[in-house]
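Trainee: Sending over final-v2.csv (CSV, C-alpha atoms and all ligand atoms).
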chain,number,residue,atom,x,y,z
A,26,MET,CA,-14.2,-9.5,17.0
A,27,ASN,CA,-13.6,-12.8,15.2
A,28,ARG,CA,-10.5,-15.1,14.6
A,29,PHE,CA,-9.5,-13.0,11.6
A,30,THR,CA,-9.8,-9.6,13.3
A,31,VAL,CA,-6.6,-7.6,13.3
A,32,ASP,CA,-5.9,-4.3,15.2
A,33,LEU,CA,-3.5,-2.0,13.3
A,34,ASN,CA,-2.9,0.2,16.4
A,35,GLY,CA,-6.4,1.6,16.4
A,36,LEU,CA,-7.7,0.6,13.0
A,37,ILE,CA,-9.6,-2.6,13.4
A,38,LEU,CA,-9.9,-4.8,10.3
A,39,ASN,CA,-12.4,-7.6,10.0
A,40,ASN,CA,-9.7,-9.6,8.3
A,41,PRO,CA,-6.1,-9.1,7.3
A,42,VAL,CA,-6.7,-9.1,3.5
A,43,THR,CA,-6.6,-5.7,1.9
A,44,VAL,CA,-5.9,-4.3,-1.6
A,45,ALA,CA,-3.1,-2.0,-2.5
A,46,SER,CA,-3.4,1.6,-3.7
A,47,GLY,CA,-3.5,2.2,-7.4
A,48,THR,CA,-4.4,-1.4,-8.3
A,49,PHE,CA,-8.0,-1.4,-7.3
A,50,GLY,CA,-9.2,2.1,-8.3
A,51,PHE,CA,-12.1,3.0,-6.0
A,52,GLY,CA,-13.4,-0.6,-6.0
A,53,ARG,CA,-16.2,-0.1,-8.6
A,54,GLU,CA,-14.9,-2.5,-11.2
A,55,PHE,CA,-14.1,-5.2,-8.7
A,56,SER,CA,-17.5,-4.9,-7.0
A,57,GLU,CA,-18.8,-6.7,-10.0
A,58,PHE,CA,-16.7,-9.7,-9.2
A,59,TYR,CA,-17.3,-10.0,-5.4
A,60,ASP,CA,-18.8,-8.4,-2.3
A,61,LEU,CA,-16.2,-5.8,-1.2
A,62,SER,CA,-17.2,-6.5,2.4
A,63,ARG,CA,-15.0,-9.5,2.2
A,64,LEU,CA,-11.9,-7.2,2.2
A,65,GLY,CA,-10.4,-6.0,5.5
A,66,ALA,CA,-9.7,-2.7,3.9
A,67,ILE,CA,-9.4,-0.9,0.5
A,68,SER,CA,-6.6,1.5,-0.1
A,69,VAL,CA,-7.9,3.8,-2.8
A,70,LYS,CA,-5.9,5.2,-5.8
A,71,GLY,CA,-3.4,7.8,-4.7
A,72,LEU,CA,-5.2,11.2,-4.1
A,73,THR,CA,-3.9,14.7,-4.6
A,74,LEU,CA,-5.5,18.1,-3.8
A,75,GLU,CA,-6.3,18.7,-7.5
A,76,GLU,CA,-7.2,16.3,-10.3
A,77,ARG,CA,-4.2,14.9,-12.2
A,78,LEU,CA,-4.0,13.3,-15.6
A,79,GLY,CA,-0.8,11.4,-14.8
A,80,ASN,CA,2.2,10.9,-17.0
A,81,PRO,CA,2.1,10.7,-20.8
A,82,SER,CA,2.1,7.2,-22.2
A,83,PRO,CA,3.7,4.7,-22.6
A,84,ARG,CA,3.4,4.4,-18.8
A,85,ILE,CA,2.9,0.7,-18.2
A,86,ILE,CA,5.1,-2.2,-19.4
A,87,GLU,CA,4.6,-5.9,-18.8
A,88,THR,CA,7.7,-7.8,-17.7
A,89,LYS,CA,8.3,-11.4,-16.8
A,90,GLN,CA,6.4,-11.8,-13.5
A,91,GLY,CA,5.5,-8.1,-13.1
A,92,LEU,CA,4.8,-4.6,-14.3
A,93,ILE,CA,6.8,-1.5,-14.6
A,94,ASN,CA,4.5,1.5,-14.2
A,95,SER,CA,4.9,5.3,-14.3
A,96,VAL,CA,1.2,6.2,-14.1
A,97,GLY,CA,2.1,9.2,-12.0
A,98,LEU,CA,-0.8,9.6,-9.6
A,99,GLN,CA,-3.6,10.0,-12.1
A,100,ASN,CA,-6.7,10.7,-10.0
A,101,PRO,CA,-9.9,12.8,-9.9
A,102,GLY,CA,-8.7,14.9,-7.0
A,103,VAL,CA,-9.7,14.8,-3.3
A,104,GLU,CA,-13.0,16.7,-3.7
A,105,TYR,CA,-14.3,14.3,-6.3
A,106,PHE,CA,-13.3,11.4,-4.1
A,107,ILE,CA,-15.2,12.8,-1.1
A,108,LYS,CA,-18.3,13.5,-3.1
A,109,HIS,CA,-18.6,10.5,-5.3
A,110,GLU,CA,-16.4,7.6,-4.1
A,111,ILE,CA,-16.7,7.6,-0.3
A,112,PRO,CA,-20.5,7.2,-0.5
A,113,PHE,CA,-20.0,4.2,-2.8
A,114,LEU,CA,-17.3,2.6,-0.7
A,115,ARG,CA,-19.4,3.1,2.5
A,116,GLU,CA,-22.0,0.6,1.0
A,117,PHE,CA,-19.6,-2.1,2.1
A,118,ASP,CA,-18.5,-3.4,5.5
A,119,THR,CA,-14.8,-2.7,4.9
A,120,LYS,CA,-12.3,0.0,6.0
A,121,ILE,CA,-11.6,2.9,3.7
A,122,ILE,CA,-7.9,3.9,3.5
A,123,ALA,CA,-7.3,7.2,1.7
A,124,ASN,CA,-3.8,7.2,0.0
A,125,ILE,CA,-2.6,10.8,0.2
A,126,ASN,CA,0.1,12.5,-1.8
A,127,GLY,CA,1.7,15.9,-2.3
A,128,ASP,CA,4.4,17.9,-4.1
A,129,ASN,CA,5.6,19.4,-0.8
A,130,ILE,CA,5.1,19.1,2.9
A,131,ASP,CA,2.3,21.7,2.9
A,132,ASP,CA,0.3,19.6,0.5
A,133,TYR,CA,0.4,16.6,2.8
A,134,GLY,CA,-0.8,18.8,5.7
A,135,LYS,CA,-3.7,20.2,3.5
A,136,MET,CA,-4.7,16.7,2.3
A,137,ALA,CA,-4.8,15.5,6.0
A,138,GLN,CA,-6.8,18.5,7.0
A,139,ARG,CA,-9.3,18.1,4.1
A,140,LEU,CA,-10.0,14.5,4.9
A,141,SER,CA,-10.0,14.9,8.7
A,142,TYR,CA,-13.8,15.3,9.0
A,143,GLU,CA,-14.7,13.0,6.1
A,144,ASP,CA,-15.8,9.4,6.4
A,145,VAL,CA,-12.5,7.6,5.9
A,146,ASP,CA,-11.0,5.2,8.4
A,147,SER,CA,-7.3,5.9,7.8
A,148,LEU,CA,-4.9,8.0,5.8
A,149,GLU,CA,-2.1,6.3,4.1
A,150,VAL,CA,0.7,8.8,3.6
A,151,ASN,CA,2.4,7.9,0.4
A,152,ILE,CA,6.0,9.1,0.6
A,153,SER,CA,7.2,6.5,-1.9
A,154,CYS,CA,5.8,7.2,-5.3
A,155,PRO,CA,8.6,6.9,-7.8
A,156,ASN,CA,6.6,8.4,-10.7
A,157,VAL,CA,6.3,12.1,-9.9
A,158,LYS,CA,8.7,15.0,-10.4
A,159,ASN,CA,8.2,16.6,-7.0
A,160,GLY,CA,7.7,15.0,-3.6
A,161,GLY,CA,6.8,11.3,-3.7
A,162,MET,CA,9.8,8.9,-3.3
A,163,LEU,CA,12.2,11.8,-2.5
A,164,PHE,CA,10.4,12.2,0.9
A,165,GLY,CA,10.6,8.5,1.7
A,166,THR,CA,14.3,8.2,1.2
A,167,ASP,CA,15.4,10.8,3.7
A,168,PRO,CA,14.6,10.0,7.4
A,169,ASP,CA,14.4,13.7,8.4
A,170,ILE,CA,12.0,14.7,5.6
A,171,ALA,CA,9.9,11.5,6.2
A,172,TYR,CA,9.7,12.5,9.9
A,173,GLN,CA,8.6,16.1,9.0
A,174,VAL,CA,5.9,14.9,6.5
A,175,VAL,CA,4.4,12.6,9.1
A,176,LYS,CA,4.5,15.3,11.8
A,177,ARG,CA,2.8,17.7,9.5
A,178,VAL,CA,0.0,15.2,8.7
A,179,LEU,CA,-0.5,14.4,12.4
A,180,GLU,CA,-0.7,18.1,13.3
A,181,ASN,CA,-3.6,18.3,10.9
A,182,THR,CA,-5.7,15.3,11.7
A,183,ASP,CA,-6.8,12.9,14.4
A,184,LYS,CA,-7.3,10.1,11.9
A,185,HIS,CA,-5.4,6.9,12.0
A,186,VAL,CA,-2.2,7.3,10.0
A,187,ILE,CA,-0.3,4.7,8.0
A,188,VAL,CA,2.9,5.6,6.2
A,189,LYS,CA,3.8,3.9,3.0
A,190,LEU,CA,7.5,3.3,2.5
A,191,THR,CA,9.7,2.9,-0.6
A,192,PRO,CA,12.1,0.0,-0.9
A,193,ASN,CA,14.5,2.2,-2.9
A,194,VAL,CA,16.7,3.0,0.1
A,195,THR,CA,19.9,1.7,1.7
A,196,ASP,CA,18.5,1.0,5.1
A,197,ILE,CA,14.7,0.7,5.5
A,198,LYS,CA,15.0,0.4,9.3
A,199,VAL,CA,16.2,4.0,9.6
A,200,ILE,CA,13.2,5.3,7.7
A,201,ALA,CA,10.7,3.0,9.5
A,202,LYS,CA,12.1,4.2,12.9
A,203,ALA,CA,11.8,7.9,11.9
A,204,VAL,CA,8.1,7.6,11.0
A,205,GLU,CA,7.4,5.6,14.1
A,206,GLU,CA,9.1,8.3,16.2
A,207,ALA,CA,7.0,11.0,14.4
A,208,GLY,CA,3.9,9.2,15.6
A,209,ALA,CA,2.6,7.1,12.7
A,210,ASN,CA,0.1,4.4,13.8
A,211,ALA,CA,1.2,1.9,11.2
A,212,ILE,CA,3.6,1.3,8.3
A,213,SER,CA,2.8,-0.1,4.9
A,214,LEU,CA,5.4,-1.5,2.6
A,215,VAL,CA,6.7,-1.9,0.0
A,216,ASN,CA,5.9,0.5,-2.9
A,217,THR,CA,7.5,-0.4,-6.2
A,218,PHE,CA,11.2,-0.9,-7.0
A,219,SER,CA,12.8,1.5,-9.5
A,220,GLY,CA,13.2,-0.2,-12.9
A,221,MET,CA,13.2,0.4,-16.6
A,222,LYS,CA,13.1,-1.1,-20.1
A,223,ILE,CA,15.0,-0.2,-23.2
A,224,ASP,CA,13.6,-0.8,-26.7
A,225,ILE,CA,16.5,-2.3,-28.6
A,226,HIS,CA,15.1,-1.1,-32.0
A,227,SER,CA,14.7,2.5,-31.2
A,228,GLN,CA,17.6,2.2,-28.7
A,229,LYS,CA,15.7,4.3,-26.2
A,230,PRO,CA,13.9,3.8,-22.9
A,231,VAL,CA,10.4,2.6,-23.5
A,232,LEU,CA,8.6,4.6,-20.7
A,233,ASP,CA,8.0,8.3,-21.5
A,234,ARG,CA,9.6,9.2,-18.1
A,235,LYS,CA,12.3,6.6,-18.7
A,236,ILE,CA,12.1,4.9,-15.3
A,237,GLY,CA,9.1,3.4,-13.5
A,238,GLY,CA,8.3,1.2,-10.6
A,239,LEU,CA,8.5,-2.6,-10.7
A,240,SER,CA,5.7,-4.6,-9.0
A,241,GLY,CA,4.2,-8.1,-9.1
A,242,PRO,CA,5.5,-11.6,-8.3
A,243,ALA,CA,9.0,-10.6,-9.4
A,244,ILE,CA,9.5,-8.5,-6.3
A,245,LYS,CA,8.0,-10.9,-3.7
A,246,PRO,CA,11.2,-12.3,-2.2
A,247,LEU,CA,12.6,-8.7,-1.9
A,248,ALA,CA,9.5,-7.3,-0.4
A,249,LEU,CA,9.2,-10.1,2.1
A,250,LYS,CA,12.7,-9.3,3.4
A,251,PHE,CA,11.8,-5.6,3.8
A,252,VAL,CA,8.8,-6.6,5.9
A,253,TYR,CA,11.0,-9.0,8.0
A,254,ASP,CA,13.5,-6.2,8.6
A,255,VAL,CA,11.0,-3.5,9.5
A,256,TYR,CA,9.2,-5.9,11.9
A,257,SER,CA,12.4,-6.2,13.8
A,258,ALA,CA,13.0,-2.5,14.0
A,259,VAL,CA,9.6,-1.0,15.1
A,260,LYS,CA,6.7,-1.7,17.4
A,261,ILE,CA,3.9,-0.3,15.2
A,262,PRO,CA,2.0,-2.8,13.0
A,263,ILE,CA,2.8,-3.4,9.3
A,264,ILE,CA,0.7,-3.9,6.2
A,265,GLY,CA,2.9,-6.1,4.0
A,266,MET,CA,2.8,-6.1,0.2
A,267,GLY,CA,4.8,-6.7,-2.9
A,268,GLY,CA,4.1,-9.5,-5.4
A,269,ILE,CA,1.5,-11.3,-3.4
A,270,SER,CA,-0.4,-13.7,-5.7
A,271,ASN,CA,-1.8,-16.4,-3.5
A,272,SER,CA,-2.5,-17.4,0.1
A,273,GLU,CA,1.0,-19.0,0.5
A,274,ASP,CA,2.6,-15.6,-0.3
A,275,ALA,CA,0.2,-13.8,2.1
A,276,ILE,CA,1.0,-16.3,4.9
A,277,GLU,CA,4.7,-15.8,4.4
A,278,PHE,CA,4.3,-12.0,4.8
A,279,ILE,CA,2.3,-12.5,8.0
A,280,LEU,CA,4.9,-14.9,9.4
A,281,ALA,CA,7.6,-12.3,8.6
A,282,GLY,CA,5.7,-9.8,10.7
A,283,ALA,CA,2.8,-8.2,8.7
A,284,SER,CA,-0.4,-7.8,10.7
A,285,ALA,CA,-2.3,-7.4,7.4
A,286,ILE,CA,-1.4,-7.8,3.7
A,287,ALA,CA,-2.3,-6.0,0.5
A,288,VAL,CA,-2.7,-7.5,-2.9
A,289,GLY,CA,-1.6,-5.2,-5.7
A,290,THR,CA,-0.7,-6.1,-9.3
A,291,TYR,CA,-2.2,-9.5,-9.1
A,292,ASN,CA,-5.7,-8.0,-9.0
A,293,PHE,CA,-5.1,-7.3,-12.7
A,294,VAL,CA,-4.3,-10.9,-13.4
A,295,ASN,CA,-7.1,-12.5,-11.3
A,296,PRO,CA,-9.7,-10.1,-10.0
A,297,LEU,CA,-10.8,-12.7,-7.5
A,298,VAL,CA,-7.3,-13.2,-6.0
A,299,ALA,CA,-8.0,-11.3,-2.8
A,300,VAL,CA,-11.0,-13.4,-1.8
A,301,GLU,CA,-9.1,-16.6,-2.8
A,302,ILE,CA,-6.3,-15.5,-0.5
A,303,TYR,CA,-8.8,-15.1,2.4
A,304,ASP,CA,-10.2,-18.6,1.8
A,305,GLY,CA,-6.6,-20.0,1.6
A,306,ILE,CA,-5.6,-18.4,4.9
A,307,GLU,CA,-8.7,-19.7,6.6
A,308,LYS,CA,-8.0,-23.3,5.3
A,309,TYR,CA,-4.4,-23.0,6.5
A,310,MET,CA,-5.5,-22.0,9.9
A,311,THR,CA,-8.2,-24.7,10.1
A,312,ASP,CA,-5.9,-27.5,8.9
A,313,ARG,CA,-3.4,-26.6,11.6
A,314,GLY,CA,-5.8,-25.8,14.4
A,315,ILE,CA,-4.7,-22.2,14.6
A,316,ALA,CA,-7.3,-20.3,16.6
A,317,THR,CA,-6.6,-16.6,15.6
A,318,ILE,CA,-4.7,-14.9,12.9
A,319,LYS,CA,-2.8,-12.9,15.5
A,320,GLU,CA,-0.9,-16.1,16.5
A,321,LEU,CA,0.8,-16.2,13.1
A,322,ILE,CA,2.1,-12.6,13.0
A,323,GLY,CA,5.9,-12.5,13.0
A,324,LEU,CA,6.2,-16.2,13.9
A,325,ALA,CA,9.1,-16.6,11.5
A,326,ASN,CA,10.9,-13.5,12.6
A,327,TYR,CA,14.0,-13.5,14.7
A,328,LYS,CA,12.5,-10.7,16.8
A,329,LYS,CA,10.4,-13.5,18.3
A,330,TYR,CA,13.3,-15.7,19.4
A,401,LIG,C1,-0.4,0.7,-11.7
A,401,LIG,C2,0.0,0.9,-10.3
A,401,LIG,C3,-0.4,2.1,-9.6
A,401,LIG,C4,0.0,2.3,-8.3
A,401,LIG,N1,-0.4,3.5,-7.7
A,401,LIG,C5,-0.1,3.7,-6.4
A,401,LIG,C6,-0.6,4.8,-5.7
A,401,LIG,O1,-1.3,5.7,-6.2
A,401,LIG,N2,-0.2,5.0,-4.4
A,401,LIG,C7,0.6,4.1,-3.7
A,401,LIG,O2,0.9,4.3,-2.5
A,401,LIG,N3,1.0,3.0,-4.4
A,401,LIG,C8,0.7,2.8,-5.7
A,401,LIG,N4,1.2,1.6,-6.3
A,401,LIG,C9,2.0,0.7,-5.6
A,401,LIG,C10,1.2,-0.5,-5.0
A,401,LIG,O3,0.2,0.0,-4.1
A,401,LIG,C11,2.0,-1.6,-4.3
A,401,LIG,O4,2.7,-0.9,-3.2
A,401,LIG,C12,3.1,-2.1,-5.2
A,401,LIG,O5,2.6,-2.3,-6.5
A,401,LIG,C13,3.7,-3.5,-4.7
A,401,LIG,O6,2.6,-4.5,-4.6
A,401,LIG,P1,2.3,-5.5,-5.8
A,401,LIG,O7,3.6,-6.1,-6.2
A,401,LIG,O8,1.4,-6.5,-5.2
A,401,LIG,O9,1.7,-4.7,-6.9
A,401,LIG,C14,0.8,1.4,-7.6
A,401,LIG,C15,1.2,0.2,-8.3
A,401,LIG,C16,0.8,-0.1,-9.6
A,401,LIG,C17,1.2,-1.4,-10.2
Taking this structure as input, can you express it in the form of C-alpha cells?

Mentor:
Amino acid sequence: MNRFTVDLNGLILNNPVTVASGTFGFGREFSEFYDLSRLGAISVKGLTLEERLGNPSPRIIETKQGLINSVGLQNPGVEYFIKHEIPFLREFDTKIIANINGDNIDDYGKMAQRLSYEDVDSLEVNISCPNVKNGGMLFGTDPDIAYQVVKRVLENTDKHVIVKLTPNVTDIKVIAKAVEEAGANAISLVNTFSGMKIDIHSQKPVLDRKIGGLSGPAIKPLALKFVYDVYSAVKIPIIGMGGISNSEDAIEFILAGASAIAVGTYNFVNPLVAVEIYDGIEKYMTDRGIATIKELIGLANYKKY
C-alpha cells in the first residue's frame, strides 16, 4: 500500500492512472515509450469469442478536439489474447483488465467463463460499444438487459467485474443502479458519444457505418458530469474517463467521484500522457500536503455535503 493505492472494491491498483480500452492495444507499442508498471491498470482492446476484422473503412475521423471512430471491435479473439498477450502484459507490475464483448447475453457468459481461470485481474463488461450491429450499446441503454448481462457474467466467474457504461442514455443513474444491483464490483464510464460527419462534396456520411463514437477533449465536460452523477447514485467505485488529456483533467474526475481514471484518445496525441498525468497528480498532492489519493475522491461532489 502507498499513498496512491486505490481499492476498486477488491481490485487494488498501485495508482489511479489507467488506460482506456481500444486506445492502447495490448500495450506493446506503448512499452517502447515507458515502463508499463507505471500504470495502475491496462484495459485491453475489446475482446470477442472469435477474431474480428472490425468495420470497413473509413472508420476513424478526426474532429476539432476529438475523434469519431467506428472501428467495430477489431481484435484477434480471446484465445489469441490468452496465449500471446497475457504473458507479455504479465511482465509488468500493473493490473490487466480484459474488456469483454458479445453479440448476445450468452456470449458475455461464455467470455466470462473462458477468462475465469486465466491470469487477468478484472473483466470489464462492455455494454456500451456504439459500433457493432448486435449487442454493444443496445445492452447498456436498457436497465433490465444491463442487469441480465451482468448477472450472466457473474454466474460464470469469480473475477472482479467492472461494467462499462454508455453516455447515450436519458438517465445514467438508472443504468448505474441496475448494474450495481446485479452485483458489479465497479463501474467505468464513459464510452463514446454517438456522432457523425457528412462530406459536403459527396453529400453523404463519411463513415462507412454512418455513425460512430466521439471521444477526446471535446467530450470532457460532458463525461465529467456523468461521473459526478453516477457517484451520487451508487456505492461501488468508478473508473472515470472521457477526454482526459492532462493531470488537471484527471484531478477533476477524481474530485467528481472517480476512484481511478483512464486515458483514452489522448494516448494517440501524446504517448507519454499517462505517466505525465501520474507525475502531475503527485505534484498536486505534494504542493497541497495531501497524504493519500483517497482523500480527493468525490471531494467536489454534493454527495459529500
Ligand atoms: C479508437 C477507439 C477504440 C475504442 N475501442 C473500445 C473498446 O474496444 N472497448 C471499450 O470498452 N471502449 C472502447 N473505446 C472507448 C474508450 O475506451 C473510451 O471509453 C472513450 O474513448 C472515452 O475516453 P477518451 O475520450 O479519453 O478517449 C474506444 C475508443 C476509441 C477512440

Trainee: Show which residues sit within 10 Å of Glu143 in chain A, as a JSON list (two decimals) with C-alpha atoms, in the coordinates of the input. Count all atoms listed in the file, and ignore same-chain residues fewer than 4 positions away.

Mentor:
[["chain", "number", "residue", "atom", "x", "y", "z"],
["A", 107, "ILE", "CA", -15.20, 12.80, -1.10],
["A", 108, "LYS", "CA", -18.30, 13.50, -3.10],
["A", 111, "ILE", "CA", -16.70, 7.60, -0.30],
["A", 138, "GLN", "CA", -6.80, 18.50, 7.00],
["A", 139, "ARG", "CA", -9.30, 18.10, 4.10],
["A", 184, "LYS", "CA", -7.30, 10.10, 11.90]]

Trainee: Looking at only C-alpha atoms, which of A:Thr73, A:Ser270, A:Ser257, A:Asn159 is the one that sits closest to Leu297 in chain A?

Mentor: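 Closest to Leu297 in chain A of all the choices is A:Ser270.
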
Trainee: Which protein, DNA or RNA residues have an atom within 7 Å of ligand LIG 401 (chain A), counting all atoms listed in the file, as a ChimeraX atom specification?

Mentor: /A:45-48,70-71,92,94,96,98,124,151,153-154,189,214-217,240-242,244-245,266-269,287-291

Trainee: With distances taken over all atoms listed in the file, which residue among A:Glu149, A:Asp183, A:Asp274, A:Asp167 lies nearest Ala203 in chain A?

Mentor: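 The answer is A:Asp167, which sits nearest to Ala203 in chain A.
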
Trainee: For range 131-135 of chain A, list every protein, DNA or RNA residue within 8 Å, evaluated using all atoms listed in the file, and leave out those in the same chain fewer than 5 positions away; present the list as a ChimeraX atom specification.

Mentor: /A:74,125-126,150,174,177-178,180-181

Trainee: Taking the point (-15.2, -12.0, 3.5) as given in the file, collect each protein or nucleic acid residue that comes within 12 Å of it, counting only C-alpha atoms, and present the set as a tab-separated table (two decimals) with C-alpha atoms, in the coordinates of the input.

Mentor:
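As written to disk, point16.tsv reads:
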chain	number	residue	atom	x	y	z
A	27	ASN	CA	-13.60	-12.80	15.20
A	29	PHE	CA	-9.50	-13.00	11.60
A	30	THR	CA	-9.80	-9.60	13.30
A	38	LEU	CA	-9.90	-4.80	10.30
A	39	ASN	CA	-12.40	-7.60	10.00
A	40	ASN	CA	-9.70	-9.60	8.30
A	41	PRO	CA	-6.10	-9.10	7.30
A	42	VAL	CA	-6.70	-9.10	3.50
A	43	THR	CA	-6.60	-5.70	1.90
A	59	TYR	CA	-17.30	-10.00	-5.40
A	60	ASP	CA	-18.80	-8.40	-2.30
A	61	LEU	CA	-16.20	-5.80	-1.20
A	62	SER	CA	-17.20	-6.50	2.40
A	63	ARG	CA	-15.00	-9.50	2.20
A	64	LEU	CA	-11.90	-7.20	2.20
A	65	GLY	CA	-10.40	-6.00	5.50
A	66	ALA	CA	-9.70	-2.70	3.90
A	117	PHE	CA	-19.60	-2.10	2.10
A	118	ASP	CA	-18.50	-3.40	5.50
A	119	THR	CA	-14.80	-2.70	4.90
A	297	LEU	CA	-10.80	-12.70	-7.50
A	299	ALA	CA	-8.00	-11.30	-2.80
A	300	VAL	CA	-11.00	-13.40	-1.80
A	301	GLU	CA	-9.10	-16.60	-2.80
A	302	ILE	CA	-6.30	-15.50	-0.50
A	303	TYR	CA	-8.80	-15.10	2.40
A	304	ASP	CA	-10.20	-18.60	1.80
A	305	GLY	CA	-6.60	-20.00	1.60
A	306	ILE	CA	-5.60	-18.40	4.90
A	307	GLU	CA	-8.70	-19.70	6.60

Trainee: Neighbouring residues of Ile276 in chain A were defined as those with any atom within 9 Å, considering only C-alpha atoms; residues of the same chain fewer than 3 positions away were excluded. Please report them as a PyMOL selection string.

Mentor: chain A and resi 271-273+279-281+286+306+309+321-322

Trainee: Please report the interatomic distance between CA of Val255 in chain A and CA of Val145 in chain A in Å with one decimal.

Mentor: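 Between CA of Val255 in chain A and CA of Val145 in chain A the gap is 26.2 Å.
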
Trainee: Quick one: of A:Val44, A:Ala258, A:Ala123, A:Met162, who's nearest to Glu205 in chain A, counting all atoms listed in the file?

Mentor: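 Closest residue, counting all atoms listed in the file: A:Ala258.
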
Trainee: Which is closer to Asp233 in chain A than all the others in A:Leu324, A:Ile264, A:Ile85, A:Val294, using all atoms listed in the file?

Mentor: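 Among the listed residues, the smallest separation from Asp233 in chain A belongs to A:Ile85.
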
Trainee: So the first atom is CA of Ser147 in chain A and the second is CA of His185 in chain A; what is the distance between them in Å, to one decimal place?

Mentor: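 The value is 4.7 Å.
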
Trainee: Skipping near chain neighbours, those fewer than 3 positions away, what residues fall within 9 Å of Leu36 in chain A using all atoms listed in the file, listed as JSON, numbers by chain?

Mentor: {"A": [31, 32, 33, 120, 146, 147, 185, 210]}

Trainee: Identify, on the basis of all atoms listed in the file, every residue whose closest approach to Ala243 in chain A does not exceed 8 Å; exclude the query and any residue fewer than 4 positions from it along the same chain; express the result as a ChimeraX atom specification.

Mentor: /A:89-91,268

Trainee: Let me make sure I understand: among A:Glu110, A:Asp254, A:Arg313, A:Pro296, which one has the smallest atom-to-atom distance to Ser56 in chain A if we use all atoms listed in the file?

Mentor: A:Pro296

Trainee: In Å, rounded to a single decimal, give me how far CA of Asp144 in chain A is from CA of Phe55 in chain A.

Mentor: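 Here the two named atoms are 21.1 Å from each other.
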
Trainee: Using only C-alpha atoms, which of the listed residues (A:Met26, A:Gly208, A:Phe106, A:Ser219) sits closest to Gly50 in chain A?

Mentor: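 Of A:Met26, A:Gly208, A:Phe106, A:Ser219, the one nearest Gly50 in chain A is A:Phe106, counting only C-alpha atoms.
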
Trainee: Since the input lacks some atoms of range 32-49 of chain A, please model N, CA and C atoms and print them as a PDB file, in the coordinates of the input.

Mentor:
ATOM      1  N   ASP A  32      -5.850  -5.715  14.666  1.00  0.00           N
ATOM      2  CA  ASP A  32      -5.900  -4.300  15.200  1.00  0.00           C
ATOM      3  C   ASP A  32      -4.553  -3.675  14.729  1.00  0.00           C
ATOM      4  N   LEU A  33      -4.705  -2.709  13.819  1.00  0.00           N
ATOM      5  CA  LEU A  33      -3.500  -2.000  13.300  1.00  0.00           C
ATOM      6  C   LEU A  33      -3.286  -0.757  14.163  1.00  0.00           C
ATOM      7  N   ASN A  34      -3.173  -0.960  15.462  1.00  0.00           N
ATOM      8  CA  ASN A  34      -2.900   0.200  16.400  1.00  0.00           C
ATOM      9  C   ASN A  34      -3.999   1.197  16.297  1.00  0.00           C
ATOM     10  N   GLY A  35      -5.230   0.717  16.453  1.00  0.00           N
ATOM     11  CA  GLY A  35      -6.400   1.600  16.400  1.00  0.00           C
ATOM     12  C   GLY A  35      -7.284   1.478  15.254  1.00  0.00           C
ATOM     13  N   LEU A  36      -6.817   0.878  14.198  1.00  0.00           N
ATOM     14  CA  LEU A  36      -7.700   0.600  13.000  1.00  0.00           C
ATOM     15  C   LEU A  36      -7.963  -0.904  13.042  1.00  0.00           C
ATOM     16  N   ILE A  37      -9.240  -1.228  13.295  1.00  0.00           N
ATOM     17  CA  ILE A  37      -9.600  -2.600  13.400  1.00  0.00           C
ATOM     18  C   ILE A  37     -10.128  -3.152  12.079  1.00  0.00           C
ATOM     19  N   LEU A  38      -9.485  -4.184  11.548  1.00  0.00           N
ATOM     20  CA  LEU A  38      -9.900  -4.800  10.300  1.00  0.00           C
ATOM     21  C   LEU A  38     -10.660  -6.090  10.577  1.00  0.00           C
ATOM     22  N   ASN A  39     -11.729  -6.357   9.824  1.00  0.00           N
ATOM     23  CA  ASN A  39     -12.400  -7.600  10.000  1.00  0.00           C
ATOM     24  C   ASN A  39     -11.573  -8.821   9.607  1.00  0.00           C
ATOM     25  N   ASN A  40     -10.643  -8.579   8.698  1.00  0.00           N
ATOM     26  CA  ASN A  40      -9.700  -9.600   8.300  1.00  0.00           C
ATOM     27  C   ASN A  40      -8.450  -8.969   7.736  1.00  0.00           C
ATOM     28  N   PRO A  41      -7.335  -9.719   7.626  1.00  0.00           N
ATOM     29  CA  PRO A  41      -6.100  -9.100   7.300  1.00  0.00           C
ATOM     30  C   PRO A  41      -5.867  -8.866   5.748  1.00  0.00           C
ATOM     31  N   VAL A  42      -6.872  -9.216   4.927  1.00  0.00           N
ATOM     32  CA  VAL A  42      -6.700  -9.100   3.500  1.00  0.00           C
ATOM     33  C   VAL A  42      -7.167  -7.782   2.951  1.00  0.00           C
ATOM     34  N   THR A  43      -6.242  -6.974   2.441  1.00  0.00           N
ATOM     35  CA  THR A  43      -6.600  -5.700   1.900  1.00  0.00           C
ATOM     36  C   THR A  43      -6.065  -5.564   0.464  1.00  0.00           C
ATOM     37  N   VAL A  44      -6.430  -4.475  -0.208  1.00  0.00           N
ATOM     38  CA  VAL A  44      -5.900  -4.300  -1.600  1.00  0.00           C
ATOM     39  C   VAL A  44      -5.118  -3.006  -1.660  1.00  0.00           C
ATOM     40  N   ALA A  45      -4.092  -3.038  -2.517  1.00  0.00           N
ATOM     41  CA  ALA A  45      -3.100  -2.000  -2.500  1.00  0.00           C
ATOM     42  C   ALA A  45      -3.498  -0.791  -3.409  1.00  0.00           C
ATOM     43  N   SER A  46      -3.114   0.376  -2.961  1.00  0.00           N
ATOM     44  CA  SER A  46      -3.400   1.600  -3.700  1.00  0.00           C
ATOM     45  C   SER A  46      -2.967   1.570  -5.129  1.00  0.00           C
ATOM     46  N   GLY A  47      -3.835   2.037  -6.012  1.00  0.00           N
ATOM     47  CA  GLY A  47      -3.500   2.200  -7.400  1.00  0.00           C
ATOM     48  C   GLY A  47      -3.740   0.908  -8.236  1.00  0.00           C
ATOM     49  N   THR A  48      -4.131  -0.156  -7.567  1.00  0.00           N
ATOM     50  CA  THR A  48      -4.400  -1.400  -8.300  1.00  0.00           C
ATOM     51  C   THR A  48      -5.828  -1.839  -8.171  1.00  0.00           C
ATOM     52  N   PHE A  49      -6.648  -0.991  -7.572  1.00  0.00           N
ATOM     53  CA  PHE A  49      -8.000  -1.400  -7.300  1.00  0.00           C
ATOM     54  C   PHE A  49      -8.971  -0.188  -7.546  1.00  0.00           C
TER      55      PHE A  49
END
